[in-house]
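Have a look at structure21.cif; it's mmCIF, C-alpha atoms:
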data_start
loop_
_atom_site.group_PDB
_atom_site.id
_atom_site.type_symbol
_atom_site.label_atom_id
_atom_site.label_comp_id
_atom_site.auth_asym_id
_atom_site.auth_seq_id
_atom_site.Cartn_x
_atom_site.Cartn_y
_atom_site.Cartn_z
ATOM 1 C CA MET A 8 145.499 94.149 142.121
ATOM 2 C CA PRO A 9 142.842 95.534 139.747
ATOM 3 C CA SER A 10 142.292 99.254 139.798
ATOM 4 C CA VAL A 11 138.962 100.978 140.495
ATOM 5 C CA HIS A 12 138.821 102.058 136.829
ATOM 6 C CA ASP A 13 139.005 98.419 135.643
ATOM 7 C CA ASN A 14 136.075 97.445 137.898
ATOM 8 C CA LYS A 15 133.909 100.303 136.602
ATOM 9 C CA ALA A 16 134.574 99.305 132.999
ATOM 10 C CA ALA A 17 133.800 95.658 133.725
ATOM 11 C CA ASN A 18 130.597 96.533 135.593
ATOM 12 C CA TYR A 19 129.455 98.855 132.797
ATOM 13 C CA ARG A 20 129.867 96.123 130.179
ATOM 14 C CA ALA A 21 128.226 93.499 132.400
ATOM 15 C CA ASN A 22 125.241 95.571 133.561
ATOM 16 C CA GLY A 23 124.583 97.950 130.685
ATOM 17 C CA ILE A 24 124.589 98.203 126.938
ATOM 18 C CA SER A 25 127.669 99.597 125.305
ATOM 19 C CA LYS A 26 127.565 102.755 123.215
ATOM 20 C CA LEU A 27 128.600 100.767 120.144
ATOM 21 C CA THR A 28 125.611 98.419 120.532
ATOM 22 C CA ILE A 29 123.261 101.400 120.823
ATOM 23 C CA ALA A 30 124.783 103.084 117.771
ATOM 24 C CA ILE A 31 124.518 99.914 115.673
ATOM 25 C CA SER A 32 120.907 99.397 116.804
ATOM 26 C CA VAL A 33 119.970 102.956 115.833
ATOM 27 C CA ILE A 34 121.584 102.564 112.404
ATOM 28 C CA VAL A 35 119.755 99.274 111.787
ATOM 29 C CA ILE A 36 116.423 100.839 112.814
ATOM 30 C CA ILE A 37 116.985 103.798 110.465
ATOM 31 C CA ILE A 38 117.826 101.476 107.564
ATOM 32 C CA VAL A 39 114.701 99.379 108.202
ATOM 33 C CA ILE A 40 112.508 102.500 108.312
ATOM 34 C CA LEU A 41 114.028 103.795 105.064
ATOM 35 C CA ALA A 42 113.537 100.420 103.376
ATOM 36 C CA PHE A 43 109.862 100.234 104.377
ATOM 37 C CA THR A 44 109.169 103.822 103.334
ATOM 38 C CA ASN A 45 110.900 103.592 99.958
ATOM 39 C CA PRO A 46 108.236 104.724 97.431
ATOM 40 C CA SER A 47 107.072 102.345 94.690
ATOM 41 C CA ARG A 48 106.799 102.818 90.931
ATOM 42 C CA THR A 49 103.072 103.492 91.374
ATOM 43 C CA ASP A 50 103.946 106.246 93.842
ATOM 44 C CA PHE A 51 106.355 107.657 91.237
ATOM 45 C CA TYR A 52 103.591 107.791 88.623
ATOM 46 C CA LYS A 53 101.320 109.643 91.067
ATOM 47 C CA TRP A 54 104.094 112.148 91.738
ATOM 48 C CA LEU A 55 104.793 112.465 88.002
ATOM 49 C CA GLU A 56 101.164 113.388 87.417
ATOM 50 C CA SER A 57 101.001 115.937 90.229
ATOM 51 C CA GLU A 58 104.403 117.503 89.503
ATOM 52 C CA TYR A 59 104.562 117.430 85.689
ATOM 53 C CA GLY A 60 100.976 116.734 84.598
ATOM 54 C CA ILE A 61 102.102 113.460 82.994
ATOM 55 C CA HIS A 62 99.448 110.755 83.238
ATOM 56 C CA VAL A 63 100.227 107.100 82.618
ATOM 57 C CA SER A 64 97.472 104.768 81.451
ATOM 58 C CA TYR A 65 97.717 101.073 80.784
ATOM 59 C CA ASP A 66 96.057 99.081 78.035
ATOM 60 C CA ILE A 67 96.437 95.374 77.362
ATOM 61 C CA ASN A 68 98.923 96.032 74.576
ATOM 62 C CA GLU A 69 100.536 99.355 75.451
ATOM 63 C CA THR A 70 101.207 102.072 77.970
ATOM 64 C CA THR A 71 100.098 105.585 77.035
ATOM 65 C CA TYR A 72 101.633 108.798 78.352
ATOM 66 C CA THR A 73 99.780 112.111 78.155
ATOM 67 C CA GLN A 74 100.629 115.490 79.591
ATOM 68 C CA ILE A 75 98.075 118.116 80.516
ATOM 69 C CA MET A 76 99.466 121.653 80.672
ATOM 70 C CA ASN A 77 97.447 124.878 80.584
ATOM 71 C CA GLY A 78 94.298 122.854 79.935
ATOM 72 C CA GLN A 79 95.762 121.248 76.811
ATOM 73 C CA GLU A 80 96.414 117.530 76.524
ATOM 74 C CA LYS A 81 99.240 116.192 74.392
ATOM 75 C CA ASN A 82 100.533 112.684 73.829
ATOM 76 C CA LEU A 83 104.072 111.859 74.850
ATOM 77 C CA ASN A 84 106.413 109.164 73.631
ATOM 78 C CA PHE A 85 108.460 107.357 76.246
ATOM 79 C CA ARG A 86 112.043 107.306 74.953
ATOM 80 C CA SER A 87 114.104 105.845 77.747
ATOM 81 C CA GLY A 88 114.170 105.313 81.455
ATOM 82 C CA HIS A 89 116.409 104.093 84.197
ATOM 83 C CA ILE A 90 115.460 103.093 87.721
ATOM 84 C CA GLN A 91 118.080 102.444 90.368
ATOM 85 C CA HIS A 92 116.542 100.752 93.387
ATOM 86 C CA VAL A 93 119.019 100.834 96.268
ATOM 87 C CA GLY A 94 116.734 99.516 98.995
ATOM 88 C CA ILE A 95 116.595 102.629 101.146
ATOM 89 C CA PHE A 96 115.999 105.004 98.214
ATOM 90 C CA THR A 97 115.285 104.873 94.475
ATOM 91 C CA THR A 98 116.352 107.152 91.637
ATOM 92 C CA TYR A 99 114.335 107.625 88.462
ATOM 93 C CA ASP A 100 115.584 109.014 85.141
ATOM 94 C CA GLU A 101 113.023 109.168 82.338
ATOM 95 C CA LEU A 102 112.969 110.836 78.935
ATOM 96 C CA TYR A 103 109.816 111.680 76.980
ATOM 97 C CA THR A 104 109.270 113.535 73.706
ATOM 98 C CA ASP A 105 106.150 115.308 72.503
ATOM 99 C CA ALA A 106 104.775 115.477 68.925
ATOM 100 C CA GLU A 107 107.068 118.431 68.091
ATOM 101 C CA GLY A 108 110.162 116.531 69.258
ATOM 102 C CA ASN A 109 110.650 118.524 72.469
ATOM 103 C CA GLU A 110 112.315 116.504 75.198
ATOM 104 C CA ILE A 111 111.010 116.253 78.742
ATOM 105 C CA LYS A 112 113.646 114.914 81.132
ATOM 106 C CA ILE A 113 112.531 113.726 84.544
ATOM 107 C CA LYS A 114 115.053 113.043 87.295
ATOM 108 C CA ALA A 115 113.761 112.190 90.748
ATOM 109 C CA LEU A 116 114.895 110.714 94.031
ATOM 110 C CA GLY A 117 112.374 108.720 96.071
ATOM 111 C CA ILE A 118 112.959 108.318 99.783
ATOM 112 C CA MET A 119 110.681 108.103 102.856
ATOM 113 C CA ASN A 120 107.508 108.054 100.693
ATOM 114 C CA MET A 121 108.500 111.380 99.093
ATOM 115 C CA PHE A 122 110.027 112.429 95.798
ATOM 116 C CA PHE A 123 112.521 115.171 95.118
ATOM 117 C CA LYS A 124 113.621 116.611 91.779
ATOM 118 C CA ARG A 125 117.312 116.127 91.146
#

Full structure transcribed into structure tokens:
Amino acid sequence: MPSVHDNKAANYRANGISKLTIAISVIVIIIVILAFTNPSRTDFYKWLESEYGIHVSYDINETTYTQIMNGQEKNLNFRSGHIQHVGIFTTYDELYTDAEGNEIKIKALGIMNMFFKR
């Protein structure tokens, strides 16, 4: 003869949604939101300009990088960069040098349409 406890467990599974199903659904929703709010490369360039004063301009043949600090504009040379796009977030590592050879290292994490220095 089945116990009262067995009937409650069977009724809960038959009439309701299990806790595991709810947890999996919440995780999937969070991942989808993170994927849709992952900032783009264009968003990164906007952040780069507001945070570091580095402006990126495009020409048919080349990309130009300039930095405006204390009202002075100087040209930068792009040395290297690495982007790791994970789907729910993106990391950026970029290295620039100015005319004097000073290095400017940029490390950022993009998630939920925001950027954070790392």

message: So that I can see what lies close to Asn120 in chain A, please list as a list of chain:residue names the residues with an atom at most 12 Å from it, counting all atoms listed in the file and leaving out residues fewer than 6 positions away in the same chain.
response: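 Near neighbours after the sequence-gap exclusion: A:Ile40, A:Leu41, A:Ala42, A:Phe43, A:Thr44, A:Asn45, A:Pro46, A:Ser47, A:Arg48, A:Thr49, A:Asp50, A:Phe51, A:Lys53, A:Trp54, A:Ile95, A:Phe96, A:Thr97.
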
- prompt: Near range 62-73 of chain A, counting all atoms listed in the file, which residues have an atom at most 7 Å away, once you skip same-chain residues fewer than 6 positions from it, shown as a list of chain:residue names?
  reply: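 Residues near the query, excluding close chain neighbours: A:Tyr52, A:Glu56, A:Glu80, A:Lys81, A:Asn82, A:Leu83, A:Asn84.
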
- prompt: Of the candidates A:Ser87, A:Thr98, A:Ser32, A:Gln74, which shows the shortest atom-to-atom distance to Lys112 in chain A, using all atoms listed in the file?
  reply: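 Ranked by minimum distance to Lys112 in chain A, first place goes to A:Ser87.
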
message: Residues near Leu102 in chain A, anyone? I mean within 12 Å using only C-alpha atoms, not counting same-chain ones fewer than 4 positions away, as a PyMOL selection string.
response: chain A and resi 61+72+83-90+108-115

message: Report, in Å with one decimal, the straight-line distance from CA of Glu107 in chain A to CA of Phe123 in chain A.
response: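 CA of Glu107 in chain A sits 27.8 Å away from CA of Phe123 in chain A.
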
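Taking CA of Gly94 in chain A as the reference point, CA of Leu27 in chain A is found at 24.3 Å.
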
Emit as AutoDock Vina command-line options the padded axis-aligned box for all listed atoms of range 30-35 of chain A, 5 Å per side, with centre and edge lengths in Å to one decimal.
--center_x 122.3 --center_y 101.2 --center_z 114.8 --size_x 15.0 --size_y 13.8 --size_z 16.0

task: Between A:Tyr99, A:Thr104, A:Met119, A:Arg125, single out the one closest to Val39 in chain A, counting all atoms listed in the file.
output: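 Closest to Val39 in chain A of all the choices is A:Met119.
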
- prompt: In Å to one decimal, how far is CA of Ile118 in chain A from CA of Val33 in chain A?
  reply: 18.3 Å

message: From the options A:Val93, A:Ile24, A:Asp105, A:Ile75, which residue's atoms come nearest to Gly117 in chain A, counting all atoms listed in the file?
response: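 The closest residue to Gly117 in chain A is A:Val93.
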
message: Nearest residue to His92 in chain A out of A:Leu55, A:Met76, A:Leu116, A:Ile38, using only C-alpha atoms?
response: A:Leu116

Copy range 75-89 of chain A out of the block into a file, keeping N, CA, C and O atoms, as a PDB file, in the first residue's frame.
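Done, and the output landed in selection.pdb:
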ATOM      1  N   ILE A  75      42.958  62.410 -27.065  1.00  0.00           N
ATOM      2  CA  ILE A  75      42.879  63.800 -26.638  1.00  0.00           C
ATOM      3  C   ILE A  75      42.929  63.807 -25.112  1.00  0.00           C
ATOM      4  O   ILE A  75      42.043  63.262 -24.451  1.00  0.00           O
ATOM      5  N   MET A  76      44.017  64.404 -24.590  1.00  0.00           N
ATOM      6  CA  MET A  76      44.182  64.529 -23.139  1.00  0.00           C
ATOM      7  C   MET A  76      44.636  65.948 -22.838  1.00  0.00           C
ATOM      8  O   MET A  76      45.548  66.460 -23.490  1.00  0.00           O
ATOM      9  N   ASN A  77      43.994  66.566 -21.860  1.00  0.00           N
ATOM     10  CA  ASN A  77      44.326  67.936 -21.448  1.00  0.00           C
ATOM     11  C   ASN A  77      44.282  68.893 -22.637  1.00  0.00           C
ATOM     12  O   ASN A  77      45.136  69.778 -22.769  1.00  0.00           O
ATOM     13  N   GLY A  78      43.340  68.682 -23.534  1.00  0.00           N
ATOM     14  CA  GLY A  78      43.183  69.559 -24.689  1.00  0.00           C
ATOM     15  C   GLY A  78      44.197  69.339 -25.799  1.00  0.00           C
ATOM     16  O   GLY A  78      44.176  70.030 -26.801  1.00  0.00           O
ATOM     17  N   GLN A  79      45.082  68.374 -25.635  1.00  0.00           N
ATOM     18  CA  GLN A  79      46.099  68.103 -26.652  1.00  0.00           C
ATOM     19  C   GLN A  79      45.776  66.792 -27.364  1.00  0.00           C
ATOM     20  O   GLN A  79      45.420  65.801 -26.726  1.00  0.00           O
ATOM     21  N   GLU A  80      45.911  66.814 -28.676  1.00  0.00           N
ATOM     22  CA  GLU A  80      45.643  65.626 -29.478  1.00  0.00           C
ATOM     23  C   GLU A  80      46.964  65.011 -29.920  1.00  0.00           C
ATOM     24  O   GLU A  80      47.863  65.704 -30.378  1.00  0.00           O
ATOM     25  N   LYS A  81      47.071  63.703 -29.748  1.00  0.00           N
ATOM     26  CA  LYS A  81      48.265  63.004 -30.232  1.00  0.00           C
ATOM     27  C   LYS A  81      47.857  61.727 -30.943  1.00  0.00           C
ATOM     28  O   LYS A  81      46.863  61.094 -30.587  1.00  0.00           O
ATOM     29  N   ASN A  82      48.614  61.382 -31.966  1.00  0.00           N
ATOM     30  CA  ASN A  82      48.352  60.168 -32.731  1.00  0.00           C
ATOM     31  C   ASN A  82      48.887  58.960 -31.976  1.00  0.00           C
ATOM     32  O   ASN A  82      49.939  59.030 -31.338  1.00  0.00           O
ATOM     33  N   LEU A  83      48.163  57.875 -32.075  1.00  0.00           N
ATOM     34  CA  LEU A  83      48.577  56.621 -31.456  1.00  0.00           C
ATOM     35  C   LEU A  83      48.764  55.574 -32.532  1.00  0.00           C
ATOM     36  O   LEU A  83      48.110  55.597 -33.571  1.00  0.00           O
ATOM     37  N   ASN A  84      49.655  54.648 -32.253  1.00  0.00           N
ATOM     38  CA  ASN A  84      49.854  53.490 -33.128  1.00  0.00           C
ATOM     39  C   ASN A  84      49.263  52.273 -32.437  1.00  0.00           C
ATOM     40  O   ASN A  84      49.592  51.993 -31.281  1.00  0.00           O
ATOM     41  N   PHE A  85      48.411  51.572 -33.143  1.00  0.00           N
ATOM     42  CA  PHE A  85      47.843  50.330 -32.617  1.00  0.00           C
ATOM     43  C   PHE A  85      48.907  49.251 -32.752  1.00  0.00           C
ATOM     44  O   PHE A  85      49.400  48.987 -33.837  1.00  0.00           O
ATOM     45  N   ARG A  86      49.292  48.646 -31.644  1.00  0.00           N
ATOM     46  CA  ARG A  86      50.341  47.615 -31.665  1.00  0.00           C
ATOM     47  C   ARG A  86      49.770  46.204 -31.694  1.00  0.00           C
ATOM     48  O   ARG A  86      50.206  45.367 -32.463  1.00  0.00           O
ATOM     49  N   SER A  87      48.840  45.941 -30.828  1.00  0.00           N
ATOM     50  CA  SER A  87      48.264  44.594 -30.795  1.00  0.00           C
ATOM     51  C   SER A  87      46.919  44.640 -30.083  1.00  0.00           C
ATOM     52  O   SER A  87      46.618  45.584 -29.352  1.00  0.00           O
ATOM     53  N   GLY A  88      46.153  43.616 -30.307  1.00  0.00           N
ATOM     54  CA  GLY A  88      44.859  43.531 -29.653  1.00  0.00           C
ATOM     55  C   GLY A  88      44.355  42.100 -29.644  1.00  0.00           C
ATOM     56  O   GLY A  88      44.740  41.283 -30.481  1.00  0.00           O
ATOM     57  N   HIS A  89      43.547  41.828 -28.659  1.00  0.00           N
ATOM     58  CA  HIS A  89      42.959  40.503 -28.535  1.00  0.00           C
ATOM     59  C   HIS A  89      41.540  40.670 -28.008  1.00  0.00           C
ATOM     60  O   HIS A  89      41.309  41.361 -27.020  1.00  0.00           O
TER      61      HIS A  89
END
